[in-house]
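**Q** For reference, the structure I am asking about is given below.
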Amino acid sequence: MGQAIADITRIVNTSILQQLPDAYFQATGLATGIHNVGGELITTILKENFCSFCRNMFFSREGHRRCVRSNSFGERRAFEIGGPYIYHCHANLVDVSAPIIVNGNHVGSVSCGQILLEPLTDKYRERVRRRLAMFPEEFQQSQMRALEEVQVLPLKRVRGLAQLLSVVANNIVNLIISNTRQKEISAQTAKLLDEIKARSLLEKEIKNAQLSLKEAELKALQAQINPHFLYNTLDSIQWLAVLRGAEDIQKTIQCLGQLLRHSLDRKSVIVNVAKELEQIRSYLFIQKMRYGDKLSYRINLEPGVLDFELPKLVLQPIVENAILHGVEPKVGNGSVSIEGWLAKGDQAIIDVADDGVGIGEEVLGRLNAILGNEAEGGSAQHLGLANVHKRLQHYFGEEFGLTVNSRPGAGSTVRIRLPRMPRKE
């Protein structure tokens, strides 16, 4: 195997890397993080993404120390075997670690997990209890109660998810690195052209410099990992799932591939509502796989709305917000609906509604103040909606964007108002 090279954070922007574990968590429900070669976590895992058992453990002083040591062990073993490694952590829960490899060298790892491979037995509970013996008695009791809530997944599915995590992480990181190098080469050559022009050299020299630019860009493109390779890899895993009769995994991978295609398509910044809904259907299918009967959804838009245009990836943060902050905290089952209709003034209205826990009057007031540019800051929930609102206003003007209505215990509705954009001839 290759040798570990410079810290992954020196070759890839951490804020870009953050999108990968966030997306994988949404697709699978497994807490996911990226680590450098020293085993340190370099992306953020939200507290609510952990199961209760691991949240209590990771955010305690002694528990955090043991978690880091356990993660480091899993990372080393994954490096040694050159692929995903499934193992038991220090508290006897199951984790997955997969190495991230660039040009044959280890630059970091990606991990997910905190699950059980089979339903709890008294024997398994006793093994966990022995692992907790060094902690205070009150903490031990709390952890044993939390253990009962840990997600159970069969080993066959965990292996499939581990392989998927490894393939997606490695291909996306290499794609990002290749794109970054291409931009650096283009910037350096463009600077050279400016210097040549400033010195008023012969036209022949300028043409030679332009040829150098074309050659450099060609080499960068040749070195770049084609995103189609990533899609084809997902297709291969999908067909493997079909052959093994794992239809739920096959459909989930298919939807994840569609999400990735939509997200990585750099050509389309503005899309029509019909295209955006394709991505939302894939996203909701994945969430339905995760939540089961807990979540139901309905999509009903007038045909005339489908031709309206909006910035790409506007609907997903709103639907995600409805699930995470509306349906998930609700006791019992919940639903999300997306409805759209034509309005006066050649406009369209799209409502994303949930019947979840709703928002209190004070919090709703702060959120609407942020949307009205009367306040700043707020929680991650507020910032997500505020970013969507600003994007809509950037493209369509201040009279368009989001409005939010909610009642505690009755759910929330986020309304999107869109203008009809002139057709391009």
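Chain lettering (A, B, ...) mirrors the order of the structure tokens, residue numbering begins at 1 for each chain separately, and ligand numbering begins at 1 in order of display.
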Can you list, as a ChimeraX atom specification, every protein, DNA or RNA residue that comes within 7 Å of Asn272 in chain A when you count only C-alpha atoms, leaving out same-chain residues fewer than 6 positions away?
**A** /A:306-310
**Q** Leaving out Ser337 in chain A and any residue of its chain fewer than 4 positions from it, which residues lie within 10 Å of it when counting only C-alpha atoms, given as a list of chain:residue names?
**A** A:Ser296, A:Tyr297, A:Arg298, A:Ile299, A:Asn300, A:Val319, A:Ala322, A:Asp351, A:Val352, A:Ala353, A:Asp354, A:Asp355, A:Thr413
**Q** So how far away is CA of Pro317 in chain A from CA of Gly340 in chain A, in Å?
**A**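 So the two atoms, CA of Gly340 in chain A and CA of Pro317 in chain A, lie 17.2 Å apart.
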**Q** Quick one: which range 25-137 of chain A residues come within 8 Å of range 151-168 of chain A, and what is the nearest atom pair for each with the distance in Å to one decimal, counting only C-alpha atoms, rows ordered by chain and ascending number, as a tab-separated table?
**A**
```
residue	atom	partner	partner_atom	distance
A:Gly83	CA	A:Ser166	CA	7.4
A:Pro84	CA	A:Ala162	CA	6.0
A:Tyr85	CA	A:Ala162	CA	7.9
A:Ile86	CA	A:Arg159	CA	7.8
A:Val96	CA	A:Ala162	CA	6.5
A:Ser97	CA	A:Ala162	CA	7.8
A:Ala98	CA	A:Ser166	CA	5.6
A:Pro99	CA	A:Ser166	CA	7.3
A:Ile100	CA	A:Ser166	CA	7.5
A:Val110	CA	A:Ser166	CA	7.5
A:Gln114	CA	A:Gln151	CA	7.8
A:Ile115	CA	A:Gln151	CA	5.2
A:Leu116	CA	A:Val152	CA	4.6
A:Leu117	CA	A:Pro154	CA	5.0
A:Glu118	CA	A:Val152	CA	5.9
A:Pro119	CA	A:Val152	CA	6.4
```
**Q** Rank nothing, just name the residue among A:Glu80, A:Glu320, A:Asp293, A:Glu148 nearest to Ala27 in chain A, using only C-alpha atoms.
**A** A:Glu320
**Q** Select from range 277-420 of chain A everything DSSP, run on the backbone, classes as alpha helix (DSSP H), then give the selection as a ChimeraX atom specification.
**A** /A:277-291,315-322,361-371,380-396
